[in-house]
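Everything below belongs to target.cif, which stores mmCIF, C-alpha atoms.
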data_work
loop_
_atom_site.group_PDB
_atom_site.id
_atom_site.type_symbol
_atom_site.label_atom_id
_atom_site.label_comp_id
_atom_site.auth_asym_id
_atom_site.auth_seq_id
_atom_site.Cartn_x
_atom_site.Cartn_y
_atom_site.Cartn_z
ATOM 1 C CA MET A 1 10.808 4.909 21.393
ATOM 2 C CA SER A 2 12.444 3.130 18.455
ATOM 3 C CA THR A 3 13.755 -0.370 19.123
ATOM 4 C CA GLU A 4 15.971 -2.837 17.285
ATOM 5 C CA ALA A 5 12.773 -4.462 16.017
ATOM 6 C CA ASP A 6 12.015 -1.210 14.165
ATOM 7 C CA HIS A 7 14.876 -1.700 11.707
ATOM 8 C CA ILE A 8 13.486 -0.904 8.263
ATOM 9 C CA GLU A 9 13.874 -3.482 5.528
ATOM 10 C CA VAL A 10 13.286 -1.979 2.087
ATOM 11 C CA PRO A 11 12.977 -4.495 -0.770
ATOM 12 C CA THR A 12 15.181 -3.431 -3.686
ATOM 13 C CA ARG A 13 12.240 -3.569 -6.100
ATOM 14 C CA MET A 14 10.223 -1.270 -3.849
ATOM 15 C CA LEU A 15 13.149 1.149 -3.754
ATOM 16 C CA VAL A 16 13.151 1.393 -7.546
ATOM 17 C CA HIS A 17 9.383 1.925 -7.657
ATOM 18 C CA ALA A 18 9.548 4.577 -4.933
ATOM 19 C CA LEU A 19 12.087 6.616 -6.904
ATOM 20 C CA ILE A 20 10.071 6.857 -10.136
ATOM 21 C CA ARG A 21 9.967 10.556 -11.000
ATOM 22 C CA GLU A 22 7.090 12.623 -12.362
ATOM 23 C CA ASN A 23 8.373 11.971 -15.898
ATOM 24 C CA GLY A 24 8.474 8.181 -15.390
ATOM 25 C CA THR A 25 12.242 7.884 -15.051
ATOM 26 C CA VAL A 26 14.533 6.688 -12.273
ATOM 27 C CA GLY A 27 18.019 8.173 -12.082
ATOM 28 C CA ALA A 28 20.611 5.495 -11.401
ATOM 29 C CA ASP A 29 22.747 7.895 -9.368
ATOM 30 C CA ASP A 30 19.865 8.564 -6.938
ATOM 31 C CA LEU A 31 19.051 4.858 -6.916
ATOM 32 C CA TYR A 32 22.571 3.745 -5.951
ATOM 33 C CA THR A 33 23.038 6.572 -3.438
ATOM 34 C CA VAL A 34 19.836 5.831 -1.530
ATOM 35 C CA ALA A 35 20.431 2.082 -1.802
ATOM 36 C CA ASN A 36 23.888 2.451 -0.229
ATOM 37 C CA THR A 37 22.399 4.578 2.576
ATOM 38 C CA LEU A 38 19.904 1.782 3.237
ATOM 39 C CA GLY A 39 22.675 -0.823 3.384
ATOM 40 C CA MET A 40 22.216 -2.302 -0.084
ATOM 41 C CA SER A 41 25.183 -3.186 -2.257
ATOM 42 C CA ASP A 42 25.666 -1.950 -5.818
ATOM 43 C CA GLN A 43 25.529 -5.567 -6.984
ATOM 44 C CA GLN A 44 22.154 -6.036 -5.303
ATOM 45 C CA VAL A 45 20.805 -2.994 -7.137
ATOM 46 C CA ARG A 46 22.289 -4.064 -10.487
ATOM 47 C CA LEU A 47 20.674 -7.501 -10.231
ATOM 48 C CA CYS A 48 17.301 -5.985 -9.369
ATOM 49 C CA VAL A 49 17.481 -3.550 -12.299
ATOM 50 C CA LYS A 50 18.448 -6.395 -14.628
ATOM 51 C CA ARG A 51 15.410 -8.417 -13.503
ATOM 52 C CA LEU A 52 13.033 -5.460 -13.877
ATOM 53 C CA VAL A 53 14.288 -4.783 -17.401
ATOM 54 C CA ALA A 54 14.073 -8.492 -18.318
ATOM 55 C CA GLU A 55 10.463 -8.552 -17.056
ATOM 56 C CA GLY A 56 9.609 -5.592 -19.276
ATOM 57 C CA ARG A 57 8.794 -3.332 -16.329
ATOM 58 C CA PHE A 58 11.500 -0.793 -17.203
ATOM 59 C CA THR A 59 13.731 0.073 -20.120
ATOM 60 C CA GLN A 60 17.281 1.243 -19.536
ATOM 61 C CA GLU A 61 19.219 4.008 -21.243
ATOM 62 C CA GLY A 62 22.946 4.294 -20.502
ATOM 63 C CA ARG A 63 25.053 2.370 -18.015
ATOM 64 C CA GLY A 64 26.262 2.604 -14.440
ATOM 65 C CA ARG A 65 25.382 5.628 -12.328
ATOM 66 C CA LYS A 66 24.652 7.698 -15.435
ATOM 67 C CA ALA A 67 21.869 5.349 -16.559
ATOM 68 C CA GLN A 68 18.211 6.269 -16.708
ATOM 69 C CA LEU A 69 15.429 3.751 -16.159
ATOM 70 C CA HIS A 70 12.092 4.385 -17.867
ATOM 71 C CA ALA A 71 8.965 2.847 -16.324
ATOM 72 C CA THR A 72 6.717 1.105 -18.841
ATOM 73 C CA ALA A 73 2.989 1.779 -19.056
ATOM 74 C CA ASP A 74 2.262 -1.585 -17.388
ATOM 75 C CA THR A 75 4.445 -0.633 -14.416
ATOM 76 C CA THR A 76 2.683 2.704 -14.014
ATOM 77 C CA ARG A 77 -0.729 1.011 -14.209
ATOM 78 C CA ALA A 78 0.250 -1.660 -11.680
ATOM 79 C CA LEU A 79 1.091 0.981 -9.077
ATOM 80 C CA ALA A 80 -2.223 2.848 -9.499
ATOM 81 C CA PRO A 81 -4.479 0.585 -7.324
ATOM 82 C CA ASN A 82 -2.255 1.218 -4.312
ATOM 83 C CA THR A 83 -3.031 4.933 -4.544
ATOM 84 C CA ASP A 84 -6.755 4.109 -4.832
ATOM 85 C CA PHE A 85 -6.629 2.215 -1.544
ATOM 86 C CA LEU A 86 -4.578 4.906 0.186
ATOM 87 C CA ARG A 87 -7.041 7.571 -0.968
ATOM 88 C CA HIS A 88 -9.927 5.491 0.415
ATOM 89 C CA ALA A 89 -8.114 5.054 3.753
ATOM 90 C CA PHE A 90 -7.708 8.816 4.179
ATOM 91 C CA GLN A 91 -11.347 9.345 3.257
ATOM 92 C CA GLN A 92 -12.319 6.865 5.972
ATOM 93 C CA ASP A 93 -10.051 8.631 8.478
ATOM 94 C CA ALA A 94 -11.771 11.922 7.648
ATOM 95 C CA GLY A 95 -15.242 10.417 8.101
ATOM 96 C CA LEU A 96 -15.975 10.749 4.372
ATOM 97 C CA ALA A 97 -16.610 7.064 3.633
ATOM 98 C CA PRO A 98 -19.106 5.772 6.238
ATOM 99 C CA TRP A 99 -20.192 2.160 6.028
ATOM 100 C CA ASP A 100 -23.594 1.515 4.457
ATOM 101 C CA GLY A 101 -24.034 -1.820 6.253
ATOM 102 C CA VAL A 102 -23.491 -3.848 3.081
ATOM 103 C CA TRP A 103 -21.183 -6.862 2.978
ATOM 104 C CA HIS A 104 -19.687 -7.703 -0.423
ATOM 105 C CA LEU A 105 -19.185 -11.409 -1.126
ATOM 106 C CA THR A 106 -17.254 -13.234 -3.829
ATOM 107 C CA ALA A 107 -17.452 -16.959 -4.494
ATOM 108 C CA PHE A 108 -15.476 -18.941 -7.038
ATOM 109 C CA ALA A 109 -15.152 -22.540 -8.156
ATOM 110 C CA VAL A 110 -11.991 -22.893 -10.217
ATOM 111 C CA PRO A 111 -11.124 -26.501 -11.157
ATOM 112 C CA GLU A 112 -7.961 -28.259 -10.049
ATOM 113 C CA SER A 113 -6.680 -28.141 -13.628
ATOM 114 C CA ALA A 114 -6.436 -24.330 -13.245
ATOM 115 C CA ARG A 115 -4.795 -24.435 -9.816
ATOM 116 C CA THR A 116 -2.381 -21.571 -10.573
ATOM 117 C CA ALA A 117 -5.253 -19.231 -11.477
ATOM 118 C CA ARG A 118 -7.242 -20.406 -8.462
ATOM 119 C CA ASP A 119 -4.380 -19.733 -6.044
ATOM 120 C CA ALA A 120 -3.678 -16.342 -7.615
ATOM 121 C CA LEU A 121 -7.339 -15.355 -7.342
ATOM 122 C CA ARG A 122 -7.422 -16.421 -3.697
ATOM 123 C CA GLU A 123 -4.319 -14.341 -2.948
ATOM 124 C CA THR A 124 -5.808 -11.374 -4.787
ATOM 125 C CA LEU A 125 -9.026 -11.501 -2.762
ATOM 126 C CA VAL A 126 -7.053 -11.470 0.491
ATOM 127 C CA HIS A 127 -4.880 -8.617 -0.822
ATOM 128 C CA LEU A 128 -8.059 -6.662 -1.637
ATOM 129 C CA GLY A 129 -9.260 -6.987 1.953
ATOM 130 C CA GLY A 130 -11.295 -10.170 1.773
ATOM 131 C CA ALA A 131 -11.640 -12.723 4.548
ATOM 132 C CA PRO A 132 -12.529 -16.390 3.938
ATOM 133 C CA LEU A 133 -15.924 -17.508 5.192
ATOM 134 C CA GLN A 134 -15.579 -21.058 3.880
ATOM 135 C CA GLY A 135 -14.059 -22.804 0.890
ATOM 136 C CA GLY A 136 -14.146 -20.473 -2.113
ATOM 137 C CA LEU A 137 -16.278 -17.808 -0.403
ATOM 138 C CA TYR A 138 -14.796 -14.459 0.682
ATOM 139 C CA VAL A 139 -16.277 -11.335 2.236
ATOM 140 C CA CYS A 140 -15.242 -7.690 2.186
ATOM 141 C CA ALA A 141 -16.772 -4.614 3.837
ATOM 142 C CA ASN A 142 -15.963 -2.380 0.849
ATOM 143 C CA ALA A 143 -17.222 -2.318 -2.737
ATOM 144 C CA TRP A 144 -14.411 -4.363 -4.245
ATOM 145 C CA GLU A 145 -16.225 -5.692 -7.320
ATOM 146 C CA PRO A 146 -14.307 -3.725 -10.019
ATOM 147 C CA TYR A 147 -10.964 -4.916 -8.629
ATOM 148 C CA VAL A 148 -12.156 -8.512 -8.232
ATOM 149 C CA GLU A 149 -13.534 -8.657 -11.764
ATOM 150 C CA GLU A 150 -10.398 -7.111 -13.249
ATOM 151 C CA ALA A 151 -8.273 -9.754 -11.529
ATOM 152 C CA ALA A 152 -10.587 -12.591 -12.551
ATOM 153 C CA HIS A 153 -10.544 -11.465 -16.196
ATOM 154 C CA ARG A 154 -6.747 -11.215 -16.111
ATOM 155 C CA LEU A 155 -6.480 -14.738 -14.655
ATOM 156 C CA GLY A 156 -9.030 -16.224 -17.045
ATOM 157 C CA ALA A 157 -11.365 -17.120 -14.172
ATOM 158 C CA HIS A 158 -14.201 -14.632 -14.620
ATOM 159 C CA GLY A 159 -16.655 -17.334 -15.676
ATOM 160 C CA ALA A 160 -16.113 -19.114 -12.343
ATOM 161 C CA LEU A 161 -16.934 -15.995 -10.307
ATOM 162 C CA THR A 162 -20.124 -15.202 -8.364
ATOM 163 C CA LEU A 163 -20.649 -11.763 -6.806
ATOM 164 C CA LEU A 164 -23.335 -10.822 -4.318
ATOM 165 C CA THR A 165 -24.108 -8.423 -1.490
ATOM 166 C CA THR A 166 -26.022 -8.779 1.757
ATOM 167 C CA THR A 167 -26.897 -6.812 4.875
ATOM 168 C CA ASP A 168 -27.589 -9.999 6.837
ATOM 169 C CA LEU A 169 -24.305 -11.830 7.298
ATOM 170 C CA ARG A 170 -24.009 -14.515 9.954
ATOM 171 C CA LYS A 171 -21.187 -16.906 10.759
ATOM 172 C CA GLY A 172 -22.416 -19.525 13.155
ATOM 173 C CA ASP A 173 -24.266 -17.596 15.848
ATOM 174 C CA ILE A 174 -22.344 -14.376 15.211
ATOM 175 C CA HIS A 175 -24.184 -11.661 13.293
ATOM 176 C CA GLU A 176 -23.209 -8.393 15.021
ATOM 177 C CA PRO A 177 -20.976 -6.542 12.504
ATOM 178 C CA VAL A 178 -18.250 -5.426 14.932
ATOM 179 C CA GLU A 179 -17.893 -8.921 16.362
ATOM 180 C CA LEU A 180 -17.878 -10.409 12.865
ATOM 181 C CA ALA A 181 -15.052 -8.074 11.878
ATOM 182 C CA ARG A 182 -13.081 -9.016 14.985
ATOM 183 C CA ARG A 183 -13.448 -12.727 14.222
ATOM 184 C CA LEU A 184 -12.794 -12.526 10.466
ATOM 185 C CA TRP A 185 -9.738 -10.256 10.378
ATOM 186 C CA SER A 186 -6.530 -10.193 12.455
ATOM 187 C CA LEU A 187 -7.132 -6.688 13.788
ATOM 188 C CA GLN A 188 -4.512 -6.833 16.548
ATOM 189 C CA GLU A 189 -1.771 -7.783 14.112
ATOM 190 C CA ILE A 190 -2.832 -4.948 11.793
ATOM 191 C CA ALA A 191 -2.945 -2.504 14.708
ATOM 192 C CA ASP A 192 0.582 -3.538 15.755
ATOM 193 C CA ARG A 193 1.866 -2.721 12.261
ATOM 194 C CA TYR A 194 0.382 0.769 12.521
ATOM 195 C CA HIS A 195 1.903 1.301 15.964
ATOM 196 C CA ARG A 196 5.258 0.444 14.395
ATOM 197 C CA LEU A 197 4.582 2.859 11.515
ATOM 198 C CA SER A 198 3.903 5.660 14.014
ATOM 199 C CA ARG A 199 7.136 4.892 15.882
ATOM 200 C CA ILE A 200 9.054 5.122 12.622
ATOM 201 C CA ALA A 201 7.283 8.228 11.301
ATOM 202 C CA GLN A 202 7.636 10.353 14.454
ATOM 203 C CA PRO A 203 11.445 10.765 14.476
ATOM 204 C CA ARG A 204 11.496 11.297 10.718
ATOM 205 C CA LEU A 205 8.863 14.014 10.984
ATOM 206 C CA ALA A 206 11.022 15.631 13.668
ATOM 207 C CA ARG A 207 14.004 15.594 11.289
ATOM 208 C CA LEU A 208 11.939 16.958 8.408
ATOM 209 C CA THR A 209 10.560 19.846 10.464
ATOM 210 C CA GLY A 210 13.745 20.486 12.481
ATOM 211 C CA PRO A 211 16.325 23.211 11.948
ATOM 212 C CA ALA A 212 19.008 20.983 10.401
ATOM 213 C CA ALA A 213 19.332 21.031 6.629
ATOM 214 C CA LEU A 214 18.716 17.737 4.835
ATOM 215 C CA SER A 215 20.433 16.792 1.576
ATOM 216 C CA PRO A 216 18.406 15.542 -1.427
ATOM 217 C CA SER A 217 19.640 11.988 -0.767
ATOM 218 C CA GLU A 218 18.546 12.224 2.878
ATOM 219 C CA LEU A 219 15.082 13.377 1.801
ATOM 220 C CA LEU A 220 14.875 10.515 -0.684
ATOM 221 C CA THR A 221 15.959 8.005 1.964
ATOM 222 C CA ILE A 222 13.293 9.201 4.398
ATOM 223 C CA ALA A 223 10.693 9.026 1.639
ATOM 224 C CA VAL A 224 11.640 5.467 0.708
ATOM 225 C CA GLU A 225 11.660 4.319 4.346
ATOM 226 C CA LEU A 226 8.209 5.804 4.935
ATOM 227 C CA ALA A 227 6.862 4.316 1.709
ATOM 228 C CA ALA A 228 8.185 0.878 2.661
ATOM 229 C CA GLU A 229 6.659 0.967 6.141
ATOM 230 C CA LEU A 230 3.362 2.404 4.911
ATOM 231 C CA THR A 231 3.135 -0.439 2.401
ATOM 232 C CA ARG A 232 4.032 -2.974 5.089
ATOM 233 C CA ALA A 233 1.239 -1.651 7.304
ATOM 234 C CA MET A 234 -1.431 -1.255 4.644
ATOM 235 C CA GLU A 235 -0.995 -4.366 2.500
ATOM 236 C CA PRO A 236 -2.623 -6.690 5.086
ATOM 237 C CA ASP A 237 -5.173 -4.020 6.107
ATOM 238 C CA PRO A 238 -8.707 -4.730 4.779
ATOM 239 C CA LEU A 239 -9.511 -1.024 5.322
ATOM 240 C CA LEU A 240 -12.582 -1.802 7.364
ATOM 241 C CA PRO A 241 -14.897 1.156 7.887
ATOM 242 C CA PRO A 242 -14.359 2.953 11.218
ATOM 243 C CA GLN A 243 -17.737 1.678 12.408
ATOM 244 C CA LEU A 244 -16.302 -1.852 12.473
ATOM 245 C CA LEU A 245 -12.997 -1.023 14.184
ATOM 246 C CA PRO A 246 -11.914 -0.516 17.800
ATOM 247 C CA GLN A 247 -11.543 3.184 18.562
ATOM 248 C CA PRO A 248 -9.220 4.979 18.593
ATOM 249 C CA TRP A 249 -7.779 3.051 15.650
ATOM 250 C CA PRO A 250 -3.957 3.299 15.384
ATOM 251 C CA GLY A 251 -4.125 3.370 11.588
ATOM 252 C CA THR A 252 -5.732 6.808 11.716
ATOM 253 C CA GLN A 253 -2.934 8.252 13.868
ATOM 254 C CA ALA A 254 -0.215 6.621 11.776
ATOM 255 C CA ARG A 255 -1.616 7.955 8.516
ATOM 256 C CA GLU A 256 -1.950 11.426 10.029
ATOM 257 C CA LEU A 257 1.769 11.378 10.852
ATOM 258 C CA ILE A 258 2.577 10.083 7.375
ATOM 259 C CA ALA A 259 0.486 12.864 5.832
ATOM 260 C CA ARG A 260 2.483 15.490 7.689
ATOM 261 C CA CYS A 261 5.735 13.898 6.527
ATOM 262 C CA TRP A 262 4.616 13.815 2.903
ATOM 263 C CA ALA A 263 3.519 17.450 3.029
ATOM 264 C CA VAL A 264 7.036 18.492 4.089
ATOM 265 C CA LEU A 265 8.705 16.169 1.581
ATOM 266 C CA HIS A 266 6.567 17.618 -1.187
ATOM 267 C CA GLU A 267 7.530 21.162 -0.207
ATOM 268 C CA ARG A 268 11.230 20.378 0.092
ATOM 269 C CA GLY A 269 11.535 17.957 -2.837
ATOM 270 C CA GLY A 270 13.574 18.821 -5.890
ATOM 271 C CA GLY A 271 10.997 20.008 -8.419
ATOM 272 C CA GLU A 272 10.696 17.807 -11.502
ATOM 273 C CA ALA A 273 13.494 15.537 -10.256
ATOM 274 C CA ARG A 274 11.564 14.482 -7.173
ATOM 275 C CA PRO A 275 9.836 11.095 -7.077
ATOM 276 C CA ALA A 276 6.226 11.051 -8.229
ATOM 277 C CA LEU A 277 5.155 9.609 -4.880
ATOM 278 C CA PHE A 278 6.040 12.977 -3.233
ATOM 279 C CA ARG A 279 3.212 14.573 -5.207
ATOM 280 C CA ILE A 280 0.850 11.587 -5.307
ATOM 281 C CA TYR A 281 0.827 11.045 -1.542
ATOM 282 C CA ALA A 282 0.714 14.772 -0.791
ATOM 283 C CA ASP A 283 -2.236 15.198 -3.203
ATOM 284 C CA ILE A 284 -4.149 12.319 -1.601
ATOM 285 C CA THR A 285 -3.781 13.720 1.906
ATOM 286 C CA ARG A 286 -4.624 17.239 0.703
ATOM 287 C CA GLU A 287 -7.804 15.984 -1.030
ATOM 288 C CA ALA A 288 -9.050 14.413 2.184
ATOM 289 C CA ALA A 289 -8.247 17.568 4.181
ATOM 290 C CA ASP A 290 -10.027 19.765 1.648
ATOM 291 C CA ARG A 291 -13.131 17.583 1.641
ATOM 292 C CA THR A 292 -13.221 17.553 5.440
ATOM 293 C CA ALA A 293 -13.048 21.359 5.545
ATOM 294 C CA ARG A 294 -16.065 21.769 3.241
#

Starting from the file, lay out its structure as structure tokens.
Amino acid sequence: MSTEADHIEVPTRMLVHALIRENGTVGADDLYTVANTLGMSDQQVRLCVKRLVAEGRFTQEGRGRKAQLHATADTTRALAPNTDFLRHAFQQDAGLAPWDGVWHLTAFAVPESARTARDALRETLVHLGGAPLQGGLYVCANAWEPYVEEAAHRLGAHGALTLLTTTDLRKGDIHEPVELARRLWSLQEIADRYHRLSRIAQPRLARLTGPAALSPSELLTIAVELAAELTRAMEPDPLLPPQLLPQPWPGTQARELIARCWAVLHERGGGEARPALFRIYADITREAADRTAR
């Protein structure tokens, strides 16, 4: 049952990103309509758009509700890793990405004079699913090296990076992989986020598959709410292999519900005018289903 704690907060920037269409544009009319439905003011949206344009993430053509935003190549590229991680999560759920027993470690020693780069690299490693073992040493259960190296190059810290793998990881007296995972990552907090995602997805799936007609703006609002909550659940998730997680894992159930929602949204979306995430998310879930059926 939904509770007051399940109120959905959608950052304005995330709303804009979620409404990027297949052709890379965002229609201001859709943007303001969905924003108003979510309780955002027109002024809030205008300020966000102004910041995104000033940062070079979008260009703007026209004014007011007739305007069109155009996502830049950098914006499109920045959103791509999120789909990589979502694809990997569904592959894990389908049993298509079993753990090989290898731990992936990254160590860095960035001097105090480059504190900004050091802090950014640390945040990136955590975002990529790493857990700190000790000062400057992080571990991940997935092959994260391409993402780590890309970030280190971008931050000018690649020369301070050391990468290694091991099948014999011990922290103190703990060496059993499941117990290591439990100690290194906040699994209960992550599980709670997925329970919340399931609570939010269930009534929206019922609306999407029910007899009542839904307007294009209602479909867009549901899509944005689901995207926001999926992001909120997955951003702190290290995507540990199922072999390292308590079973049943609530992330699997939550993503299954999300997949069903996206399938309906993709079917009912408005052709070329629908957000790209309708197709992207539907394609990811379909790929995993197809591979499982083989």

Query raised in the report: Skipping near chain neighbours, those fewer than 2 positions away, what residues fall within 12 Å of Ala191 in chain A using all atoms listed in the file, listed as a PyMOL selection string?
Result: chain A and resi 185-189+193-198+232-234+236-239+245-254

Based on the selection just made, write C-alpha atoms of those residues as a PDB file, keeping the file's coordinate frame.
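The new file result_6.pdb reads:
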ATOM      1  CA  TRP A 185      -9.738 -10.256  10.378  1.00  0.00           C
ATOM      2  CA  SER A 186      -6.530 -10.193  12.455  1.00  0.00           C
ATOM      3  CA  LEU A 187      -7.132  -6.688  13.788  1.00  0.00           C
ATOM      4  CA  GLN A 188      -4.512  -6.833  16.548  1.00  0.00           C
ATOM      5  CA  GLU A 189      -1.771  -7.783  14.112  1.00  0.00           C
ATOM      6  CA  ARG A 193       1.866  -2.721  12.261  1.00  0.00           C
ATOM      7  CA  TYR A 194       0.382   0.769  12.521  1.00  0.00           C
ATOM      8  CA  HIS A 195       1.903   1.301  15.964  1.00  0.00           C
ATOM      9  CA  ARG A 196       5.258   0.444  14.395  1.00  0.00           C
ATOM     10  CA  LEU A 197       4.582   2.859  11.515  1.00  0.00           C
ATOM     11  CA  SER A 198       3.903   5.660  14.014  1.00  0.00           C
ATOM     12  CA  ARG A 232       4.032  -2.974   5.089  1.00  0.00           C
ATOM     13  CA  ALA A 233       1.239  -1.651   7.304  1.00  0.00           C
ATOM     14  CA  MET A 234      -1.431  -1.255   4.644  1.00  0.00           C
ATOM     15  CA  PRO A 236      -2.623  -6.690   5.086  1.00  0.00           C
ATOM     16  CA  ASP A 237      -5.173  -4.020   6.107  1.00  0.00           C
ATOM     17  CA  PRO A 238      -8.707  -4.730   4.779  1.00  0.00           C
ATOM     18  CA  LEU A 239      -9.511  -1.024   5.322  1.00  0.00           C
ATOM     19  CA  LEU A 245     -12.997  -1.023  14.184  1.00  0.00           C
ATOM     20  CA  PRO A 246     -11.914  -0.516  17.800  1.00  0.00           C
ATOM     21  CA  GLN A 247     -11.543   3.184  18.562  1.00  0.00           C
ATOM     22  CA  PRO A 248      -9.220   4.979  18.593  1.00  0.00           C
ATOM     23  CA  TRP A 249      -7.779   3.051  15.650  1.00  0.00           C
ATOM     24  CA  PRO A 250      -3.957   3.299  15.384  1.00  0.00           C
ATOM     25  CA  GLY A 251      -4.125   3.370  11.588  1.00  0.00           C
ATOM     26  CA  THR A 252      -5.732   6.808  11.716  1.00  0.00           C
ATOM     27  CA  GLN A 253      -2.934   8.252  13.868  1.00  0.00           C
ATOM     28  CA  ALA A 254      -0.215   6.621  11.776  1.00  0.00           C
TER      29      ALA A 254
END

Report task. Take the PyMOL selection byres ((chain A and resi 161-172) around 7), apply it to the structure above, and return the hits as a PyMOL selection string. Result -> chain A and resi 101-108+157-160+173-175

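Note that CA of His266 in chain A and CA of Gln44 in chain A are 28.6 Å apart.
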
Query raised in the report: Of the candidates A:Leu96, A:Ala201, A:Tyr32, A:Gly156, which shows the shortest atom-to-atom distance to Ala114 in chain A, using all atoms listed in the file?
Result: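 For Ala114 in chain A, the nearest of the given residues is A:Gly156.
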
Query raised in the report: Which polymer residues have any atom within 12 Å of an atom of Leu208 in chain A, counting all atoms listed in the file, with same-chain residues fewer than 5 positions away left out, as a PyMOL selection string?
Result: chain A and resi 201-203+213-216+218-223+257-258+260-269

Query raised in the report: So which residues touch Gln60 in chain A within 10 Å, counting only C-alpha atoms, skipping near sequence neighbours fewer than 4 positions away, as a list of chain:residue names?
Result: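 Contacts, with the query itself left out: A:Thr25, A:Val26, A:Ala28, A:Val49, A:Lys50, A:Leu52, A:Val53, A:Ala67, A:Gln68, A:Leu69, A:His70, A:Ala71.
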
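For the atom pair formed by CA of Glu179 in chain A and CA of Glu149 in chain A, the distance is 28.5 Å, given to one decimal.
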
Query raised in the report: Residues at most 12 Å from Asn36 in chain A, counting all atoms listed in the file, excluding those fewer than 2 positions away in the same chain, as a PyMOL selection string?
Result: chain A and resi 10+12+15+29-34+38-45+217-218+221

Query - Residue with smallest distance to Ala35 in chain A - pool A:Leu86, A:Leu47, A:Val224, A:His7, counting all atoms listed in the file - result: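 Of all the options, A:Val224 lies closest to Ala35 in chain A.
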
Query raised in the report: In Å to one decimal, how far is CA of Glu123 in chain A from CA of Leu184 in chain A?
Result: 16.0 Å

Each side padded by 3 Å, which centre and which edge lengths in Å (one decimal) define the axis-aligned box around the listed atoms of range 233-244 of chain A? Give them as lines of an AutoDock Vina configuration file.
center_x = -8.2
center_y = -1.9
center_z = 7.5
size_x = 25.0
size_y = 15.6
size_z = 16.0

Report task. For Gly130 in chain A, please output as a PyMOL selection string all residues within 8 Å (counting all atoms listed in the file; exclusion window: fewer than 3 positions along the same chain). Result -> chain A and resi 125-127+138-140+238

Quick one: write out the picked residues with C-alpha atoms as a PDB file, keeping the file's coordinate frame?
ATOM      1  CA  LEU A 125      -9.026 -11.501  -2.762  1.00  0.00           C
ATOM      2  CA  VAL A 126      -7.053 -11.470   0.491  1.00  0.00           C
ATOM      3  CA  HIS A 127      -4.880  -8.617  -0.822  1.00  0.00           C
ATOM      4  CA  TYR A 138     -14.796 -14.459   0.682  1.00  0.00           C
ATOM      5  CA  VAL A 139     -16.277 -11.335   2.236  1.00  0.00           C
ATOM      6  CA  CYS A 140     -15.242  -7.690   2.186  1.00  0.00           C
ATOM      7  CA  PRO A 238      -8.707  -4.730   4.779  1.00  0.00           C
TER       8      PRO A 238
END

Requested in this report: Would you mind telling me which residue in A:Ile20, A:Leu121, A:Ala94, A:Val148 lies nearest to Asp290 in chain A when using all atoms listed in the file?
Outcome: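 Answer, going by the shortest atom-to-atom distance: A:Ala94.
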
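Of the listed residues (A:Pro241, A:Gly135, A:Gly56, A:Gly129), A:Gly56 comes nearest to Asp74 in chain A; the distances count only C-alpha atoms.
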